[in-house]
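Q: If it helps, the file is called query32.txt and holds compact mmCIF, C-alpha atoms:
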# COMPACT_ATOMS: atom_id res chain seq x y z
CA MET A 611 -22.64 137.22 203.96
CA TRP A 612 -25.05 137.03 201.10
CA GLY A 613 -24.17 140.53 199.76
CA GLY A 614 -26.30 142.65 202.16
CA ASP A 615 -29.58 142.57 204.08
CA SER A 616 -31.68 143.39 201.00
CA ASN A 617 -30.43 140.32 199.24
CA ALA A 618 -31.08 138.20 202.31
CA LYS A 619 -34.65 139.50 202.55
CA GLN A 620 -35.20 138.77 198.87
CA MET A 621 -34.01 135.23 199.46
CA LEU A 622 -36.38 134.73 202.41
CA LYS A 623 -39.24 136.22 200.39
CA SER A 624 -38.64 133.77 197.56
CA ARG A 625 -38.57 130.83 199.99
CA GLY A 626 -41.72 132.09 201.68
CA GLY A 627 -43.83 131.18 198.68
CA THR A 628 -44.21 134.30 196.50
CA GLY A 629 -42.37 132.64 193.62
CA VAL A 630 -43.56 129.11 194.37
CA VAL A 631 -46.29 127.23 192.57
CA GLY A 632 -47.52 124.04 194.13
CA GLY A 633 -44.58 123.96 196.52
CA LEU A 634 -42.03 124.14 193.69
CA PRO A 635 -40.23 127.20 192.34
CA ALA A 636 -41.98 128.83 189.42
CA ALA A 637 -40.37 128.79 186.04
CA GLY A 638 -37.93 131.61 185.60
CA ASP A 639 -37.40 132.25 189.31
CA GLU A 640 -33.76 132.39 190.36
CA GLU A 641 -34.69 130.04 193.14
CA SER A 642 -34.83 127.24 190.59
CA ASP A 643 -31.00 127.27 190.51
CA TYR A 644 -30.98 125.56 193.93
CA PHE A 645 -32.58 122.36 192.57
CA PRO A 646 -30.50 120.08 190.35
CA PRO A 647 -31.73 119.74 186.81
CA THR A 648 -33.26 116.44 185.68
CA PRO A 649 -30.36 114.14 184.61
CA ARG A 650 -30.07 113.51 180.90
CA LYS A 651 -30.25 109.97 179.46
CA ASP A 652 -26.57 109.96 178.55
CA TYR A 653 -25.77 110.68 182.21
CA TRP A 654 -27.69 107.61 183.39
CA TRP A 655 -26.07 105.48 180.69
CA SER A 656 -22.54 106.53 181.60
CA THR A 657 -23.20 106.00 185.33
CA GLY A 658 -24.61 102.49 184.76
CA LEU A 659 -21.66 101.61 182.56
CA LEU A 660 -19.27 102.74 185.25
CA LYS A 661 -21.04 100.62 187.87
CA LEU A 662 -21.01 97.59 185.54
CA VAL A 663 -17.29 97.96 184.83
CA THR A 664 -16.55 98.37 188.54
CA ALA A 665 -18.57 95.28 189.49
CA THR A 666 -16.88 93.26 186.73
CA VAL A 667 -13.42 94.29 187.92
CA ILE A 668 -14.27 93.37 191.53
CA PHE A 669 -15.75 90.03 190.45
CA MET A 670 -12.74 89.11 188.32
CA GLY A 671 -10.41 90.16 191.12
CA GLY A 672 -12.29 87.85 193.49
CA VAL A 673 -12.06 84.99 191.01
CA VAL A 674 -8.31 85.46 190.58
CA LEU A 675 -7.79 85.71 194.35
CA GLY A 676 -9.94 82.63 194.97
CA LEU A 677 -8.06 80.57 192.40
CA SER A 678 -4.75 81.68 193.89
CA VAL A 679 -5.78 80.76 197.44
CA SER A 680 -7.33 77.43 196.45
CA GLY A 681 -4.24 76.58 194.45
CA SER A 682 -2.05 77.30 197.45
CA VAL A 683 -4.27 75.20 199.72
CA ALA A 684 -4.33 72.38 197.20
CA ARG A 685 -0.57 72.46 196.91
CA TYR A 686 -0.29 72.40 200.71
CA TYR A 687 -2.64 69.49 201.23
CA TYR A 688 -1.41 67.53 198.24
CA ASN A 689 2.30 67.99 198.53
CA ALA A 690 4.55 64.98 198.94
CA SER A 691 4.29 64.75 202.72
CA HIS A 692 0.49 64.82 202.77
CA ALA A 693 -0.04 62.56 199.76
CA GLU A 694 2.43 60.19 201.40
CA LEU A 695 -0.21 59.35 204.02
CA PHE A 696 -2.41 57.72 201.40
CA PHE A 697 -0.26 57.03 198.33
CA PRO A 698 3.44 56.84 199.31
CA ALA A 699 5.47 57.01 196.12
CA THR A 700 7.92 54.37 197.37
CA THR A 701 5.05 52.05 198.31
CA TYR A 702 2.94 52.40 195.18
CA GLY A 703 5.82 52.69 192.74
CA CYS A 704 5.21 56.21 191.39
CA ASP A 705 4.84 59.81 192.49
CA PRO A 706 1.19 60.51 193.44
CA ARG A 707 1.58 64.08 192.13
CA ASP A 708 2.32 62.69 188.69
CA ARG A 709 -0.87 62.78 186.62
CA ASP A 710 -0.12 59.46 184.97
CA CYS A 711 0.36 57.85 188.36
CA GLY A 712 -2.79 59.36 189.80
CA MET A 713 -4.88 58.39 186.77
CA GLY A 714 -3.49 54.89 186.56
CA LEU A 715 -3.10 54.04 190.25
CA ALA A 716 -4.75 50.64 190.67
CA PHE A 717 -7.18 50.12 193.51
CA ARG A 718 -5.41 46.87 194.20
CA ALA A 719 -2.22 48.75 195.04
CA PHE A 720 -4.13 50.69 197.70
CA VAL A 721 -5.61 47.65 199.44
CA HIS A 722 -2.49 45.50 198.91
CA PRO A 723 0.60 47.81 198.95
CA PRO A 724 3.25 46.06 196.82
CA ARG A 725 6.14 47.67 198.69
CA LEU A 726 6.84 48.50 202.32
CA ALA A 727 9.08 51.56 201.99
CA HIS A 728 7.61 54.93 202.99
CA SER A 729 8.65 58.13 204.76
CA MET A 730 5.71 58.46 207.16
CA THR A 731 6.41 59.29 210.80
CA ASP A 732 5.07 56.94 213.46
CA ASP A 733 2.18 59.32 214.18
CA GLU A 734 1.27 59.51 210.49
CA LEU A 735 1.63 55.75 210.09
CA PHE A 736 -0.52 54.94 213.12
CA TRP A 737 -3.21 57.40 211.99
CA ARG A 738 -3.19 55.97 208.47
CA ALA A 739 -3.28 52.36 209.70
CA SER A 740 -6.17 52.99 212.10
CA LEU A 741 -8.55 54.12 209.33
CA VAL A 742 -11.38 51.59 209.22
CA PRO A 743 -13.92 51.35 206.34
CA ARG A 744 -17.56 51.70 207.42
CA ALA A 745 -18.81 49.39 204.70
CA GLU A 746 -19.18 45.81 205.86
CA GLU A 747 -18.47 44.23 202.49
CA PHE A 748 -15.17 44.53 200.62
CA PRO A 749 -15.29 45.75 197.00
CA PHE A 750 -12.74 43.09 196.03
CA GLN A 751 -12.27 39.35 196.45
CA ARG A 752 -10.70 39.27 199.91
CA VAL A 753 -8.82 36.18 201.04
CA PRO A 754 -7.84 36.62 204.71
CA LYS A 755 -4.11 36.43 205.35
CA VAL A 756 -1.92 35.85 208.40
CA ALA A 757 0.71 38.56 208.93
CA PHE A 758 3.96 37.23 210.41
CA LEU A 759 5.69 40.08 212.26
CA PHE A 760 9.38 39.46 212.97
CA MET A 761 11.16 41.51 215.62
CA ALA A 762 14.86 41.08 214.86
CA ARG A 763 18.09 42.83 215.73
CA GLY A 764 19.84 41.66 212.58
CA PRO A 765 19.79 38.49 210.48
CA ILE A 766 17.06 35.88 210.67
CA PRO A 767 18.98 32.61 210.97
CA PHE A 768 15.88 30.46 210.47
CA ALA A 769 14.80 32.18 207.25
CA PRO A 770 15.41 28.95 205.22
CA LEU A 771 13.13 27.04 207.61
CA TRP A 772 10.42 29.70 207.34
CA ASP A 773 10.76 29.80 203.55
CA LYS A 774 10.04 26.09 203.44
CA PHE A 775 7.13 26.62 205.84
CA PHE A 776 5.63 29.31 203.55
CA ARG A 777 6.31 27.53 200.25
CA GLY A 778 3.22 26.86 198.18
CA HIS A 779 0.96 29.13 200.21
CA GLN A 780 1.38 32.48 198.48
CA GLY A 781 -1.59 34.76 198.97
CA LEU A 782 -2.35 33.41 202.45
CA TYR A 783 0.43 35.16 204.38
CA SER A 784 2.44 38.37 204.62
CA VAL A 785 5.88 38.91 206.18
CA TYR A 786 7.09 42.06 207.96
CA VAL A 787 10.51 42.52 209.55
CA HIS A 788 11.64 45.17 212.04
CA THR A 789 15.42 45.39 212.44
CA VAL A 790 17.93 47.97 213.58
CA PRO A 791 17.91 50.99 211.24
CA ASP A 792 19.87 50.69 207.99
CA TYR A 793 20.37 46.94 208.36
CA LYS A 794 19.75 45.01 205.12
CA LEU A 795 18.64 41.39 205.25
CA ASN A 796 20.84 39.16 203.12
CA VAL A 797 18.30 36.82 201.53
CA SER A 798 17.63 35.66 197.99
CA LYS A 799 14.94 37.22 195.84
CA SER A 800 12.94 34.02 196.11
CA SER A 801 12.79 34.28 199.92
CA ALA A 802 9.57 35.30 201.68
CA PHE A 803 11.72 37.83 203.57
CA TYR A 804 13.02 39.60 200.46
CA GLY A 805 11.96 43.27 200.44
CA ARG A 806 9.87 42.82 203.59
CA GLN A 807 11.74 45.14 205.98
CA ILE A 808 9.69 48.03 207.30
CA PRO A 809 11.09 51.49 208.17
CA SER A 810 12.54 50.83 211.63
CA GLU A 811 13.92 52.69 214.65
CA GLU A 812 16.36 51.83 217.43
CA VAL A 813 15.02 49.47 220.08
CA SER A 814 16.30 49.04 223.63
CA TRP A 815 15.48 45.87 225.57
CA GLY A 816 13.07 46.47 228.45
CA SER A 817 12.05 49.96 227.30
CA ILE A 818 8.97 51.50 225.70
CA THR A 819 10.80 51.38 222.35
CA LEU A 820 9.87 47.68 222.16
CA VAL A 821 6.20 48.66 222.26
CA ASP A 822 6.93 51.27 219.57
CA ALA A 823 8.39 48.56 217.36
CA GLU A 824 5.41 46.27 217.97
CA LYS A 825 2.98 49.02 217.02
CA ARG A 826 5.12 49.85 214.00
CA LEU A 827 4.94 46.26 212.78
CA LEU A 828 1.18 46.10 213.36
CA ALA A 829 0.58 49.42 211.60
CA ASN A 830 2.56 48.49 208.50
CA ALA A 831 0.73 45.17 208.30
CA LEU A 832 -2.65 46.88 208.69
CA LEU A 833 -2.02 48.82 205.46
CA ASP A 834 -2.79 45.55 203.66
CA PHE A 835 -6.55 45.17 204.00
CA SER A 836 -6.36 41.39 203.54
CA ASN A 837 -4.26 40.82 206.66
CA GLU A 838 -6.67 39.43 209.24
CA ARG A 839 -4.43 37.86 211.91
CA PHE A 840 -1.15 39.26 213.26
CA VAL A 841 1.43 37.14 215.08
CA LEU A 842 4.59 38.58 216.67
CA LEU A 843 7.75 36.46 216.40
CA SER A 844 11.48 36.85 216.99
CA GLU A 845 14.48 35.75 214.95
CA SER A 846 14.84 32.78 217.35
CA CYS A 847 11.28 31.49 216.76
CA ILE A 848 10.33 28.40 214.75
CA PRO A 849 6.98 26.90 213.67
CA VAL A 850 6.13 23.53 215.24
CA PHE A 851 3.26 22.75 212.85
CA ASN A 852 2.93 23.10 209.09
CA PHE A 853 1.38 26.14 207.41
CA PRO A 854 -2.13 24.75 206.77
CA THR A 855 -2.48 23.82 210.44
CA VAL A 856 -1.30 27.24 211.63
CA TYR A 857 -3.46 29.09 209.10
CA GLU A 858 -6.67 27.24 209.92
CA TYR A 859 -6.04 27.53 213.66
CA LEU A 860 -5.65 31.32 213.53
CA ILE A 861 -8.15 32.26 210.83
CA ASN A 862 -10.93 30.21 212.41
CA SER A 863 -10.30 31.37 215.96
CA ALA A 864 -12.95 33.50 217.67
CA HIS A 865 -10.31 34.91 220.02
CA SER A 866 -6.91 36.55 219.96
CA PHE A 867 -4.02 35.00 221.87
CA VAL A 868 -2.43 37.31 224.44
CA GLU A 869 -1.24 36.00 227.79
CA SER A 870 -2.68 38.11 230.61
CA TYR A 871 -2.47 37.53 234.37
CA ASN A 872 -1.80 39.29 237.65
CA ILE A 873 0.00 37.60 240.55
CA ASP A 874 1.41 39.11 243.70
CA THR A 875 5.11 38.94 242.90
CA PRO A 876 7.77 41.62 242.40
CA GLN A 877 7.95 40.66 238.72
CA CYS A 878 4.23 41.22 238.18
CA ALA A 879 2.11 43.22 240.63
CA GLY A 880 5.31 44.75 242.02
CA ARG A 881 5.87 46.65 238.78
CA TYR A 882 2.62 48.59 239.04
CA ASN A 883 3.06 52.35 239.51
CA ARG A 884 0.38 54.08 241.59
CA ARG A 885 0.74 57.16 239.42
CA MET A 886 -1.16 55.25 236.72
CA ALA A 887 -4.36 55.64 238.74
CA PRO A 888 -7.19 56.39 238.18
CA HIS A 889 -6.86 55.29 234.54
CA ILE A 890 -5.22 52.00 235.50
CA MET A 891 -5.86 50.65 238.99
CA ALA A 892 -3.73 48.05 240.76
CA ASP A 893 -6.31 45.29 240.29
CA GLN A 894 -6.43 46.04 236.54
CA TRP A 895 -2.68 45.64 236.07
CA ARG A 896 -1.70 42.67 233.92
CA LYS A 897 1.43 40.89 232.70
CA GLY A 898 1.99 38.44 229.84
CA SER A 899 4.32 37.15 227.18
CA GLU A 900 5.43 39.69 224.63
CA TRP A 901 4.76 37.22 221.80
CA PHE A 902 1.14 37.96 221.00
CA GLU A 903 -1.36 37.07 218.28
CA LEU A 904 -4.16 39.52 217.43
CA ASN A 905 -7.09 39.73 215.08
CA ARG A 906 -7.50 42.80 212.89
CA GLU A 907 -10.01 44.53 215.14
CA LEU A 908 -7.73 44.45 218.18
CA ALA A 909 -4.65 45.34 216.14
CA VAL A 910 -6.41 48.54 215.01
CA GLN A 911 -7.38 49.38 218.59
CA ILE A 912 -3.81 49.01 219.85
CA VAL A 913 -2.29 51.01 217.00
CA ALA A 914 -4.88 53.79 217.49
CA ASP A 915 -4.44 53.99 221.27
CA TYR A 916 -2.47 56.98 222.52
CA LYS A 917 -3.94 57.63 225.96
CA TYR A 918 -2.88 54.41 227.67
CA TYR A 919 0.32 54.13 225.68
CA SER A 920 1.27 57.57 227.03
CA ILE A 921 0.59 56.41 230.60
CA PHE A 922 2.95 53.48 230.13
CA ARG A 923 5.53 55.66 228.46
CA LYS A 924 5.50 58.02 231.43
CA HIS A 925 5.11 55.65 234.37
CA CYS A 926 6.28 52.17 233.30
CA ARG A 927 10.00 52.73 233.88
CA PRO A 928 12.58 51.67 234.89
CA SER A 929 12.60 47.87 235.37
CA CYS A 930 8.93 47.78 234.41
CA TYR A 931 9.24 46.17 230.95
CA PRO A 932 6.25 47.76 229.18
CA ASP A 933 6.33 45.15 226.39
CA GLU A 934 5.19 42.59 229.00
CA HIS A 935 2.41 44.78 230.42
CA TYR A 936 0.99 47.30 227.94
CA ILE A 937 -0.99 45.03 225.58
CA PRO A 938 -2.13 42.56 228.30
CA THR A 939 -3.36 45.44 230.48
CA TYR A 940 -5.01 47.32 227.61
CA LEU A 941 -6.90 44.24 226.40
CA HIS A 942 -7.97 43.39 229.95
CA LEU A 943 -9.39 46.90 230.37
CA PHE A 944 -11.41 47.04 227.16
CA HIS A 945 -11.46 43.79 225.20
CA GLY A 946 -11.19 40.93 227.67
CA PRO A 947 -13.92 38.73 226.09
CA LEU A 948 -12.06 38.80 222.75
CA ASN A 949 -8.88 37.36 224.27
CA ALA A 950 -8.11 33.67 224.88
CA ASN A 951 -5.80 34.81 227.68
CA ARG A 952 -2.88 32.62 226.60
CA THR A 953 0.07 32.66 224.24
CA ILE A 954 0.59 30.32 221.29
CA THR A 955 4.41 30.58 221.44
CA TRP A 956 6.09 27.99 223.65
CA VAL A 957 8.99 29.22 225.81
CA ASP A 958 10.94 27.39 228.52
CA TRP A 959 11.34 29.47 231.70
CA SER A 960 12.08 26.48 233.92
CA ARG A 961 15.75 27.37 234.33
CA GLY A 962 15.01 30.72 235.94
CA GLY A 963 16.69 34.05 235.25
CA PRO A 964 15.71 37.03 233.09
CA HIS A 965 15.90 35.08 229.83
CA PRO A 966 14.33 31.76 228.74
CA ALA A 967 16.28 28.63 227.92
CA SER A 968 17.92 28.45 224.50
CA TYR A 969 18.12 25.22 222.49
CA GLY A 970 20.88 24.28 220.06
CA ALA A 971 21.68 21.52 217.58
CA THR A 972 22.14 18.78 220.18
CA ASP A 973 18.63 19.36 221.53
CA ILE A 974 16.79 18.99 218.24
CA THR A 975 15.05 15.63 217.83
CA GLU A 976 11.65 14.44 216.70
CA GLU A 977 10.80 13.68 220.31
CA PHE A 978 11.68 17.21 221.34
CA ILE A 979 9.34 18.75 218.75
CA GLN A 980 6.58 16.32 219.73
CA ALA A 981 7.10 17.23 223.38
CA ILE A 982 6.51 20.91 222.54
CA ARG A 983 3.35 20.02 220.65
CA ASN A 984 1.99 17.71 223.33
CA ASN A 985 3.54 18.77 226.61
CA GLY A 986 0.54 17.94 228.75
CA THR A 987 -0.86 21.44 228.63
CA GLN A 988 -4.63 21.77 228.32
CA CYS A 989 -6.13 24.96 226.94
CA PHE A 990 -9.29 26.23 225.29
CA TYR A 991 -9.83 26.90 221.60
CA ASN A 992 -13.12 28.57 220.68
CA SER A 993 -14.30 27.80 224.22
CA LYS A 994 -13.61 24.07 223.85
CA PRO A 995 -10.75 22.16 225.54
CA THR A 996 -7.81 21.14 223.34
CA SER A 997 -4.26 19.86 223.68
CA VAL A 998 -3.02 21.90 220.68
CA CYS A 999 -1.93 25.02 222.55
CA TYR A 1000 1.35 26.07 220.89
CA LEU A 1001 1.97 26.77 217.20
CA PHE A 1002 5.45 28.31 217.56
CA ALA A 1003 8.41 27.91 219.89
CA ARG A 1004 11.49 29.81 221.01
CA LYS A 1005 14.34 30.25 221.89
CA PHE A 1006 16.58 28.43 219.38
CA ALA A 1007 20.24 28.97 218.58
CA PRO A 1008 21.30 29.42 214.93
CA ASN A 1009 23.22 26.12 214.94
CA ALA A 1010 19.88 24.29 215.32
CA LEU A 1011 18.93 25.11 211.72
CA PRO A 1012 20.42 22.04 209.93
CA ARG A 1013 18.73 19.59 212.28
CA LEU A 1014 15.43 21.43 212.03
CA MET A 1015 15.61 21.38 208.23
CA ASN A 1016 16.04 17.60 208.39
CA LEU A 1017 12.79 17.35 210.36
CA THR A 1018 10.67 19.30 207.87
CA SER A 1019 9.83 16.18 205.87
CA THR A 1020 8.94 14.16 208.96
CA VAL A 1021 7.55 15.56 212.20
CA LEU A 1022 7.24 19.17 211.02
CA ASP A 1023 5.56 18.01 207.80
CA PHE A 1024 6.50 20.83 205.47
When written as structure tokens, how does the structure in this file appear?
A:
Amino acid sequence: MWGGDSNAKQMLKSRGGTGVVGGLPAAGDEESDYFPPTPRKDYWWSTGLLKLVTATVIFMGGVVLGLSVSGSVARYYYNASHAELFFPATTYGCDPRDRDCGMGLAFRAFVHPPRLAHSMTDDELFWRASLVPRAEEFPFQRVPKVAFLFMARGPIPFAPLWDKFFRGHQGLYSVYVHTVPDYKLNVSKSSAFYGRQIPSEEVSWGSITLVDAEKRLLANALLDFSNERFVLLSESCIPVFNFPTVYEYLINSAHSFVESYNIDTPQCAGRYNRRMAPHIMADQWRKGSEWFELNRELAVQIVADYKYYSIFRKHCRPSCYPDEHYIPTYLHLFHGPLNANRTITWVDWSRGGPHPASYGATDITEEFIQAIRNNGTQCFYNSKPTSVCYLFARKFAPNALPRLMNLTSTVLDF
């Protein structure tokens, strides 16, 4: 294939060494055509330039791609729904994506949200509210407050009484109201209840939705880092002491106030569901009044809990009334020593039935209020016996308001 045998022999002869000097083809031999000539300097220069241009193009392409991806990620993580978890526009008064808002957002607005409106889901709200700073000291002058959490279906007939109770004590309390969705409280701008409704959902008596509402109230109140104590009340509740007495009693307490007991009756032990085992055993089952009072530490624990809440949601139905069992049982399981194991809201169950006695205008006297305060009950406060066991009372009919207002300057002392 090389043009004949003679040519092939000539090729082999050349490779055999006749035309080779020092292992390389001699100058002038045709064999030298099989070795590439030494590259010229301009060849090396052009090749290096090509490599440099190629590397630059690849690098710039990577930069452009990286900026594009990071921009997309940033937009994803800092869109309205994600920024809402930390800086809700309706809560802080401006859009967190607005540069002016972000640059001028006061730290005070983060630790003390001036507004309660937001669009967070319950899961987002509970996650946000359960964030706990690791630092022991606060980077601001913190005055502990009592958060008053009102569970209401509609109007709060005793709002004028509560307004008088709160008057002169701004900065020591916060008010939060859970109502039916879209209901608007009709109160004056000077009322402690003005603008204090939280985003609410439908609630059905005796169902897990009551626990949802309780956790919703706690979570919204936890967004204010100065709230230290959390007391659940209804629209039919009244205070039976003045504000300074209530404030000092709660702020200085070493315990929370959640009633918790277990007795062998159909209304208590009889509601236990064996499917709750092994997480909740029969001897761990507890019942108590829905009207609790919690310190901040326990409020965070309850808002953050999903495991035991899910067990109640699945197995505490029907006729189980999870609002009477979930928090008492949870605290008994994990935080018993932090609980005084009693309620601070007086209720009269002496008449029997599924609902407590209700008191109207004809029942309201100085003697009646004194009887609630000193009804012969003995309890413990900071591990010491005391006769001051109840700070609030229910259940009162709306027509009791005028008589109660007349008592504010005497027995109620506010």
Q: List the neighbours of Ser899 (chain A) out to 12 Å using all atoms listed in the file; skip same-chain residues closer than 2 positions along the sequence, and give me the result as JSON, numbers by chain.
A: {"A": [842, 843, 867, 868, 869, 870, 871, 878, 896, 897, 901, 902, 903, 931, 932, 933, 934, 935, 936, 937, 938, 939, 951, 952, 953, 954, 955, 956, 957, 958, 959, 966, 1004]}
Q: To one decimal place in Å, what is the distance between CA of Arg881 (chain A) and CA of Cys930 (chain A)?
A: 5.5 Å
Q: Can you tell me how far CA of Ile848 (chain A) sits from CA of Asp834 (chain A), in Å to one decimal?
A: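 Answer for the CA of Ile848 (chain A) to CA of Asp834 (chain A) separation: 24.3 Å.
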Q: What is the distance between CA of Arg839 (chain A) and CA of Val787 (chain A), in Å to one decimal?
A: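 Distance reported for this atom pair: 15.8 Å.
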Q: Using only C-alpha atoms for the distances, tell me which of A:Ser814, A:Asn985, A:Thr666, A:Asn862 is nearest to Pro754 (chain A).
A: A:Asn862
Q: Taking (14.3, 42.2, 199.1) in the file's coordinates as the center, which residues reach within 12 Å of it, counting all atoms listed in the file, put as a ChimeraX atom specification?
A: /A:724-727,785-787,794-808
Q: Only C-alpha atoms, please: the residues just picked out, written as a PDB file, keeping the file's coordinate frame.
A:
ATOM      1  CA  PRO A 724       3.250  46.060 196.820  1.00  0.00           C
ATOM      2  CA  ARG A 725       6.140  47.670 198.690  1.00  0.00           C
ATOM      3  CA  LEU A 726       6.840  48.500 202.320  1.00  0.00           C
ATOM      4  CA  ALA A 727       9.080  51.560 201.990  1.00  0.00           C
ATOM      5  CA  VAL A 785       5.880  38.910 206.180  1.00  0.00           C
ATOM      6  CA  TYR A 786       7.090  42.060 207.960  1.00  0.00           C
ATOM      7  CA  VAL A 787      10.510  42.520 209.550  1.00  0.00           C
ATOM      8  CA  LYS A 794      19.750  45.010 205.120  1.00  0.00           C
ATOM      9  CA  LEU A 795      18.640  41.390 205.250  1.00  0.00           C
ATOM     10  CA  ASN A 796      20.840  39.160 203.120  1.00  0.00           C
ATOM     11  CA  VAL A 797      18.300  36.820 201.530  1.00  0.00           C
ATOM     12  CA  SER A 798      17.630  35.660 197.990  1.00  0.00           C
ATOM     13  CA  LYS A 799      14.940  37.220 195.840  1.00  0.00           C
ATOM     14  CA  SER A 800      12.940  34.020 196.110  1.00  0.00           C
ATOM     15  CA  SER A 801      12.790  34.280 199.920  1.00  0.00           C
ATOM     16  CA  ALA A 802       9.570  35.300 201.680  1.00  0.00           C
ATOM     17  CA  PHE A 803      11.720  37.830 203.570  1.00  0.00           C
ATOM     18  CA  TYR A 804      13.020  39.600 200.460  1.00  0.00           C
ATOM     19  CA  GLY A 805      11.960  43.270 200.440  1.00  0.00           C
ATOM     20  CA  ARG A 806       9.870  42.820 203.590  1.00  0.00           C
ATOM     21  CA  GLN A 807      11.740  45.140 205.980  1.00  0.00           C
ATOM     22  CA  ILE A 808       9.690  48.030 207.300  1.00  0.00           C
TER      23      ILE A 808
END
Q: Of the candidates A:Phe750, A:Phe736, A:Phe1006, A:Tyr859, which shows the shortest atom-to-atom distance to Asn830 (chain A), using all atoms listed in the file?
A: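 Going through A:Phe750, A:Phe736, A:Phe1006, A:Tyr859 one by one, the smallest distance to Asn830 (chain A) is for A:Phe736.
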Q: Just the residues within 9 Å of Ala762 (chain A), please, counting all atoms listed in the file, with nothing from its chain fewer than 6 positions along; format it as a PyMOL selection string.
A: chain A and resi 787-790+843-846
Q: Quick one: of A:Leu832, A:Cys847, A:Met730, A:Leu820, who's nearest to Val913 (chain A), counting only C-alpha atoms?
A: A:Leu832
Q: Output, as lines of an AutoDock Vina configuration file, the centre and edge lengths in Å (one decimal) of the axis-aligned box that contains all listed atoms of region 833-846 of chain A with 8 Å of margin on each side.
A:
center_x = 4.1
center_y = 40.8
center_z = 210.4
size_x = 37.5
size_y = 32.0
size_z = 29.8
Q: Which residue is closest to Asn852 (chain A)? Choose from A:Phe944, A:Trp815, A:Tyr783, A:Phe776 and count only C-alpha atoms.
A: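 Under the stated criterion, the closest residue is A:Phe776.
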Q: Given only C-alpha atoms as the basis, pick out the residue of A:Ala950, A:Ile979, A:Cys926, A:Ala739 nearest to Val821 (chain A).
A: A:Cys926
Q: Rank nothing, just name the residue among A:Pro765, A:Pro995, A:Pro849, A:Gly962 nearest to Ile982 (chain A), using only C-alpha atoms.
A: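 Result for the nearest residue to Ile982 (chain A): A:Pro849.
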Q: Given the point (-2.1, 55.9, 207.4) in the file's coordinates, find the residues that have an atom at most 9 Å from it, counting all atoms listed in the file, and give them as a PyMOL selection string.
A: chain A and resi 694-696+730+733-741+829-830+833
Q: Skipping near chain neighbours, those fewer than 2 positions away, what residues fall within 12 Å of Ile974 (chain A) using only C-alpha atoms, listed as a list in words?
A: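 Skipping anything fewer than 2 positions along the chain leaves Ile848, Val850, Ser968, Tyr969, Gly970, Ala971, Thr972, Glu976, Glu977, Phe978, Ile979, Gln980, Ala981, Ile982, Phe1006, Ala1007, Pro1008, Asn1009, Ala1010, Leu1011, Pro1012, Arg1013, Leu1014, Met1015, Asn1016, Leu1017, Val1021 and Leu1022 of chain A.
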